[in-house]
$ cat coords-v5.cif   # mmCIF, C-alpha atoms
data_protein
loop_
_atom_site.label_atom_id
_atom_site.label_comp_id
_atom_site.auth_asym_id
_atom_site.auth_seq_id
_atom_site.Cartn_x
_atom_site.Cartn_y
_atom_site.Cartn_z
CA MET K 20 91.90 86.67 95.40
CA LYS K 21 90.53 90.22 95.20
CA VAL K 22 86.80 90.84 95.49
CA LYS K 23 84.50 93.80 96.00
CA LEU K 24 82.42 93.29 99.14
CA THR K 25 80.42 95.47 101.45
CA ASN K 26 82.09 96.29 104.73
CA GLN K 27 79.58 94.07 106.55
CA SER K 28 80.23 91.08 104.26
CA TYR K 29 83.98 91.48 104.63
CA HIS K 30 83.82 91.47 108.44
CA ALA K 31 81.48 88.47 108.39
CA HIS K 32 83.98 86.35 106.43
CA PRO K 33 85.78 83.89 108.78
CA ALA K 34 89.30 84.54 107.43
CA ILE K 35 91.75 86.05 109.91
CA SER K 36 92.25 89.82 109.65
CA SER K 37 94.85 92.20 111.00
CA SER K 38 92.32 93.23 113.69
CA ASP K 39 92.15 89.59 114.83
CA VAL K 40 95.93 89.38 115.01
CA LYS K 41 96.16 92.65 116.90
CA ALA K 42 93.48 91.53 119.36
CA VAL K 43 95.38 88.34 120.20
CA TYR K 44 98.74 90.11 120.34
CA LYS K 45 97.56 93.02 122.51
CA THR K 46 95.16 91.08 124.76
CA SER K 47 94.63 87.31 124.53
CA LEU K 48 93.00 84.48 122.62
CA HIS K 49 90.07 84.66 125.03
CA HIS K 50 89.49 88.36 124.33
CA TRP K 51 89.69 87.76 120.59
CA LYS K 52 87.41 84.72 120.51
CA ASN K 53 84.75 86.44 122.61
CA LYS K 54 85.01 89.90 121.12
CA VAL K 55 81.88 91.95 120.55
CA ARG K 56 81.96 94.33 117.62
CA LYS K 57 80.94 97.79 118.80
CA GLU K 58 80.21 100.88 116.81
CA SER K 59 80.37 104.28 118.44
CA SER K 60 79.95 107.85 117.27
CA ALA K 61 83.76 108.07 117.02
CA PHE K 62 83.82 104.93 114.88
CA ALA K 63 81.09 106.35 112.64
CA LEU K 64 83.03 109.60 112.27
CA GLY K 65 86.18 107.74 111.20
CA SER K 66 84.23 105.62 108.72
CA ALA K 67 82.60 108.74 107.31
CA VAL K 68 85.97 110.44 106.79
CA HIS K 69 87.21 107.35 104.94
CA ALA K 70 84.14 107.36 102.70
CA MET K 71 84.40 111.09 101.99
CA VAL K 72 88.09 110.85 101.10
CA LEU K 73 88.18 107.54 99.23
CA GLU K 74 84.73 107.27 97.65
CA PRO K 75 83.27 110.80 97.48
CA ASP K 76 81.14 110.03 94.44
CA GLU K 77 79.32 107.18 96.21
CA ASN K 78 77.52 109.56 98.63
CA LEU K 79 77.87 107.05 101.45
CA VAL K 80 77.55 109.61 104.26
CA LEU K 81 74.24 111.21 105.21
CA ARG K 82 73.67 114.44 107.14
CA GLY K 83 71.14 113.52 109.79
CA PRO K 84 69.26 115.31 112.57
CA GLU K 85 70.87 117.77 114.96
CA ASP K 86 71.28 115.14 117.69
CA ARG K 87 70.71 111.46 118.46
CA ARG K 88 67.67 111.88 120.65
CA GLY K 89 64.24 110.39 119.99
CA ASN K 90 62.58 108.36 117.28
CA LYS K 91 63.67 110.74 114.55
CA TRP K 92 67.27 109.58 114.95
CA LYS K 93 66.38 105.89 115.35
CA GLU K 94 64.29 105.91 112.18
CA ALA K 95 67.00 107.72 110.25
CA VAL K 96 69.66 105.23 111.42
CA LEU K 97 67.51 102.28 110.37
CA GLU K 98 66.94 103.75 106.92
CA ALA K 99 70.66 104.52 106.49
CA ASP K 100 71.65 100.99 107.56
CA LEU K 101 69.24 99.46 105.04
CA ASP K 102 70.85 101.58 102.31
CA GLY K 103 74.38 100.71 103.44
CA LYS K 104 75.17 104.29 104.37
CA ILE K 105 76.63 106.14 107.36
CA LEU K 106 74.40 108.55 109.26
CA LEU K 107 75.94 111.42 111.21
CA THR K 108 74.47 114.25 113.20
CA GLU K 109 74.66 117.67 111.57
CA GLY K 110 77.67 118.64 113.65
CA ASP K 111 79.58 115.41 113.04
CA TYR K 112 78.83 115.56 109.31
CA ASP K 113 80.31 119.06 109.07
CA LEU K 114 83.31 117.93 111.12
CA ALA K 115 83.88 114.91 108.88
CA GLU K 116 83.81 117.15 105.81
CA ARG K 117 86.45 119.46 107.30
CA ILE K 118 88.69 116.52 108.24
CA ALA K 119 88.31 114.94 104.80
CA ALA K 120 89.13 118.25 103.12
CA SER K 121 92.39 118.45 105.10
CA VAL K 122 93.38 114.97 103.94
CA ARG K 123 92.60 115.73 100.30
CA ALA K 124 94.61 118.97 100.51
CA HIS K 125 97.82 117.23 101.63
CA PRO K 126 100.18 116.86 98.63
CA VAL K 127 101.07 113.20 99.31
CA ALA K 128 97.46 112.16 99.91
CA ALA K 129 96.34 114.12 96.85
CA MET K 130 98.94 112.31 94.74
CA TYR K 131 97.75 108.91 95.99
CA LEU K 132 94.09 109.76 95.41
CA ALA K 133 94.85 110.93 91.86
CA SER K 134 96.64 107.72 90.91
CA PRO K 135 94.94 106.10 87.88
CA SER K 136 95.49 102.61 89.32
CA LEU K 137 94.09 103.42 92.79
CA VAL K 138 91.89 100.70 94.27
CA CYS K 139 89.81 101.66 97.31
CA GLU K 140 88.20 99.38 99.89
CA ALA K 141 88.86 96.14 97.98
CA SER K 142 88.92 92.87 99.92
CA PHE K 143 91.80 90.40 99.49
CA PHE K 144 91.80 86.76 100.62
CA THR K 145 94.71 84.33 100.60
CA ALA K 146 96.56 81.63 102.53
CA ASP K 147 99.39 82.83 104.73
CA PRO K 148 102.61 81.27 103.35
CA GLU K 149 104.20 80.86 106.78
CA THR K 150 101.34 79.31 108.76
CA GLY K 151 98.75 78.18 106.23
CA VAL K 152 96.04 80.23 107.93
CA THR K 153 93.44 81.82 105.64
CA ILE K 154 93.85 85.57 105.98
CA LYS K 155 92.18 88.68 104.61
CA CYS K 156 92.82 92.40 104.34
CA ARG K 157 90.88 95.43 103.16
CA PRO K 158 93.25 98.34 102.49
CA ASP K 159 91.83 101.85 102.49
CA GLY K 160 93.84 102.53 99.38
CA TYR K 161 96.10 100.37 97.22
CA ILE K 162 98.12 101.53 94.22
CA PRO K 163 99.19 98.33 92.40
CA ASP K 164 101.42 100.12 89.87
CA ALA K 165 103.61 101.47 92.68
CA GLY K 166 103.07 98.73 95.26
CA ILE K 167 101.86 101.32 97.77
CA VAL K 168 99.27 100.58 100.44
CA PHE K 169 97.96 103.50 102.45
CA ASP K 170 95.71 103.75 105.46
CA ILE K 171 93.85 106.82 106.69
CA LYS K 172 93.93 107.32 110.45
CA THR K 173 91.84 109.87 112.31
CA THR K 174 93.90 110.44 115.42
CA THR K 175 94.55 112.72 118.36
CA THR K 176 98.02 113.54 117.10
CA ALA K 177 99.52 113.22 113.62
CA SER K 178 102.85 114.75 114.60
CA PRO K 179 106.24 113.05 114.05
CA ASP K 180 106.69 112.87 117.82
CA GLY K 181 103.15 111.91 118.76
CA PHE K 182 102.05 109.34 116.19
CA PRO K 183 104.84 106.82 116.96
CA ARG K 184 103.23 106.43 120.41
CA GLU K 185 99.92 105.68 118.67
CA VAL K 186 101.70 103.00 116.63
CA VAL K 187 102.78 101.23 119.81
CA LYS K 188 99.47 101.72 121.62
CA TYR K 189 97.30 100.35 118.82
CA ALA K 190 99.82 97.94 117.21
CA TYR K 191 99.66 99.76 113.89
CA ASP K 192 103.01 98.20 113.00
CA VAL K 193 101.38 94.76 113.13
CA GLN K 194 98.63 96.02 110.84
CA ALA K 195 101.16 97.34 108.32
CA ALA K 196 103.20 94.12 108.28
CA PHE K 197 100.03 92.02 108.00
CA TYR K 198 98.65 93.97 105.02
CA LEU K 199 101.93 93.84 103.10
CA ARG K 200 102.22 90.14 103.83
CA ALA K 201 98.63 89.38 102.76
CA LEU K 202 98.89 91.28 99.49
CA ARG K 203 102.19 89.65 98.57
CA ALA K 204 100.79 86.22 99.40
CA ALA K 205 97.83 86.98 97.13
CA GLY K 206 100.25 87.67 94.28
CA TYR K 207 100.26 91.47 94.34
CA GLU K 208 103.14 93.89 94.57
CA ALA K 209 103.26 95.58 97.96
CA ASN K 210 106.40 97.50 98.89
CA GLN K 211 105.26 100.31 101.15
CA PHE K 212 102.61 100.82 103.80
CA VAL K 213 101.88 104.49 104.42
CA PHE K 214 99.91 105.99 107.30
CA VAL K 215 98.03 109.14 106.26
CA CYS K 216 97.08 110.61 109.65
CA VAL K 217 94.72 113.49 110.29
CA GLU K 218 93.95 115.06 113.62
CA LYS K 219 90.33 115.04 114.74
CA GLU K 220 90.56 118.49 116.29
CA ALA K 221 91.03 121.72 114.38
CA PRO K 222 93.07 122.69 112.46
CA HIS K 223 93.06 118.98 111.41
CA ALA K 224 96.77 118.78 110.69
CA VAL K 225 97.88 115.91 108.46
CA GLY K 226 101.03 113.85 108.88
CA VAL K 227 102.29 111.05 106.62
CA HIS K 228 104.34 108.27 108.22
CA LEU K 229 106.38 105.27 107.05
CA LEU K 230 107.78 102.56 109.31
CA THR K 231 111.42 101.57 108.82
CA ASP K 232 112.31 98.14 107.42
CA ARG K 233 113.65 97.14 110.85
CA TYR K 234 110.33 98.08 112.48
CA LEU K 235 108.35 96.13 109.85
CA HIS K 236 110.65 93.10 110.13
CA ARG K 237 109.96 92.88 113.87
CA ALA K 238 106.22 93.35 113.29
CA ASP K 239 106.21 90.62 110.64
CA ALA K 240 107.71 88.20 113.17
CA ILE K 241 104.90 89.10 115.57
CA VAL K 242 102.35 88.36 112.83
CA THR K 243 103.86 84.89 112.30
CA GLN K 244 103.92 84.09 116.02
CA THR K 245 100.36 85.30 116.52
CA LEU K 246 98.96 83.44 113.51
CA GLU K 247 100.60 80.28 114.82
CA LYS K 248 98.98 80.88 118.20
CA ILE K 249 95.57 81.34 116.56
CA ARG K 250 96.04 78.25 114.35
CA ASN K 251 97.00 76.08 117.31
CA ALA K 252 94.15 77.38 119.47
CA VAL K 253 91.61 76.67 116.74
CA ALA K 254 92.99 73.14 116.26
CA VAL K 255 92.34 72.22 119.91
CA ASN K 256 89.44 74.61 120.51
CA ASP K 257 91.22 76.19 123.48
CA PHE K 258 90.98 79.95 123.83
CA THR K 259 92.30 81.06 127.20
CA THR K 260 93.80 84.28 128.48
CA GLY K 261 97.06 82.54 129.31
CA TRP K 262 97.03 84.32 132.66
CA PRO K 263 98.14 82.61 135.91
CA LEU K 264 95.36 81.51 138.28
CA ILE K 265 96.75 83.97 140.83
CA ASN K 266 98.99 86.83 139.77
CA HIS K 267 101.50 88.11 142.32
CA ILE K 268 102.17 91.83 142.12
CA ASP K 269 105.54 93.02 143.39
CA LEU K 270 106.57 96.51 144.34
CA PRO K 271 107.18 98.53 141.13
CA ARG K 272 110.83 99.12 140.29
CA TRP K 273 110.41 102.88 140.50
CA GLN K 274 108.96 102.66 144.00
CA THR K 275 111.14 101.93 147.06
CA ASP K 276 110.74 101.79 150.79
CA GLN K 277 112.99 104.81 151.25
CA THR K 278 111.52 107.80 153.03
CA GLU K 279 112.12 111.34 151.87
CA GLU K 280 114.52 111.74 154.80
CA ASP K 281 116.55 108.70 153.68
CA VAL K 282 116.88 110.09 150.18
CA PHE K 283 117.90 113.51 151.53
CA ASP K 284 120.53 111.92 153.81
CA GLU K 285 121.98 109.99 150.86
CA GLN K 286 122.18 113.11 148.78
CA ILE K 287 124.18 115.06 151.39
CA ASP K 288 126.33 112.14 152.55
CA PHE K 289 129.84 112.94 151.36
#
$ encode --input "coords-v5.cif" --output "structure tokens"
Amino acid sequence: MKVKLTNQSYHAHPAISSSDVKAVYKTSLHHWKNKVRKESSAFALGSAVHAMVLEPDENLVLRGPEDRRGNKWKEAVLEADLDGKILLTEGDYDLAERIAASVRAHPVAAMYLASPSLVCEASFFTADPETGVTIKCRPDGYIPDAGIVFDIKTTTTASPDGFPREVVKYAYDVQAAFYLRALRAAGYEANQFVFVCVEKEAPHAVGVHLLTDRYLHRADAIVTQTLEKIRNAVAVNDFTTGWPLINHIDLPRWQTDQTEEDVFDEQIDF
């Protein structure tokens, strides 16, 4: 099922999202169950870039005061929230515009954004075919005619060498596998998940990345295992860290009891 919801309504829906799966996979059931949704200036900047790139005609981003000090900012934030808009300081607004312009200028991103079948920020709900868990996803961009899902990432590095480390750190592979799985389960064609990455610092270089089928296959297995863990935890209402009562820490493998003199003696011992 595909519906058009506000971001707040989507997050309030109890279906399991890729963020839920990543939280359990990267931390624990306890961390996921007791999570507190936080919004920071960095989060607001990323959301603003998404809005400027994907829905520029909606005017969802507002240029606010010079800084966040005092009642002037608090009042402006309250008004923006009531209107469902994102408020940025003057500096962050200008930065978001520059980042968004870099994304729109990239030939691959421009091609996606110009697609006549492009659907932005739509919410999809379905039952996972492997576990029966009700799941949801909200792709940044989805091109049904081509089966392409793309996600915009504001990141520290968009390079071919740097972004793969971001994939591991933030479990972006799990997100990709989850979105493809959810869309297919909902009856939609979904063949590719594309990361459109833009660096937050000037000159805001853009890199486009695809995970290999082998990478996605492994991530899809992680999605299944994690959804099963969530399903079983919900059934018995047991959300623990899974940690031992006392964890014993051994000497790291890279560290030994050898002194510098011992190592030197070994090196010259013929």
$ residues_around --input "coords-v5.cif" --residues "K:Pro75" --least-positions-apart "3" --cutoff "12 Å" --atoms "all atoms listed in the file" --output "PyMOL selection string"
chain K and resi 67-72+78-81+116+119-120+123+132+139
$ residues_around --input "coords-v5.cif" --residues "K:Glu218" --least-positions-apart "2" --cutoff "6 Å" --atoms "all atoms listed in the file" --output "ChimeraX atom specification"
/K:173-177,220,223-224
$ resolve_selection --input "coords-v5.cif" --expression "the PyMOL selection byres ((chain K and resi 241) around 10)" --output "PyMOL selection string"
chain K and resi 40-41+44+192-193+196-197+235-240+242-247
$ resolve_selection --input "coords-v5.cif" --expression "the PyMOL selection byres ((chain K and resi 95-111) around 8)" --output "list in words"
Ala63, Leu64, Ser66, Ala67, Leu79, Val80, Leu81, Arg82, Gly83, Pro84, Glu85, Asp86, Arg87, Lys91, Trp92, Lys93, Glu94, Tyr112, Asp113, Leu114 and Ala115 of chain K
$ axis_aligned_box --input "coords-v5.cif" --around "stretch 71-90 of chain K" --padding-each-side "8 Å" --output "JSON"
{"center_x": 75.4, "center_y": 112.4, "center_z": 107.5, "size_x": 41.6, "size_y": 26.7, "size_z": 42.2}
$ atom_distance --input "coords-v5.cif" --atom1 "atom CA of K:Cys156" --atom2 "atom CA of K:Tyr191"
13.9 Å
$ resolve_selection --input "coords-v5.cif" --expression "the PyMOL selection byres ((chain K and resi 209-212) around 7)" --output "PyMOL selection string"
chain K and resi 166-169+195+199+202-203+207-208+213-214+229
$ atom_distance --input "coords-v5.cif" --atom1 "atom CA of K:Lys155" --atom2 "atom CA of K:Ile35"
5.9 Å
$ residues_near_point --input "coords-v5.cif" --point "(95.3, 106.3, 109.3)" --cutoff "7 Å" --atoms "all atoms listed in the file" --output "list in words"
Asp170, Ile171, Lys172, Thr173, Phe214, Val215 and Cys216 of chain K
$ closest_residue --input "coords-v5.cif" --among "K:Pro158, K:Pro179, K:Pro163, K:Pro148" --to "K:Ser136" --atoms "only C-alpha atoms"
K:Pro163
$ closest_residue --input "coords-v5.cif" --among "K:Val152, K:Ala124, K:Val22, K:His50" --to "K:Ala204" --atoms "all atoms listed in the file"
K:Val152
$ atom_distance --input "coords-v5.cif" --atom1 "atom CA of K:Arg157" --atom2 "atom CA of K:Ala141"
5.6 Å
$ closest_atom_pairs --input "coords-v5.cif" --of "stretch 192-250 of chain K" --to "stretch 254-261 of chain K" --cutoff "12 Å" --atoms "all atoms listed in the file" --output "CSV"
residue,atom,partner,partner_atom,distance
K:Glu247,CA,K:Ala254,CA,10.5
K:Lys248,CA,K:Phe258,CA,9.8
K:Ile249,CA,K:Ala254,CA,8.6
K:Arg250,CA,K:Ala254,CA,6.3
$ write_last_selection --input "coords-v5.cif" --atoms "C-alpha atoms" --output "mmCIF file, in the frame of the given file"
data_model
loop_
_atom_site.group_PDB
_atom_site.id
_atom_site.type_symbol
_atom_site.label_atom_id
_atom_site.label_comp_id
_atom_site.auth_asym_id
_atom_site.auth_seq_id
_atom_site.Cartn_x
_atom_site.Cartn_y
_atom_site.Cartn_z
ATOM 1 C CA GLU K 247 100.600 80.280 114.820
ATOM 2 C CA LYS K 248 98.980 80.880 118.200
ATOM 3 C CA ILE K 249 95.570 81.340 116.560
ATOM 4 C CA ARG K 250 96.040 78.250 114.350
#
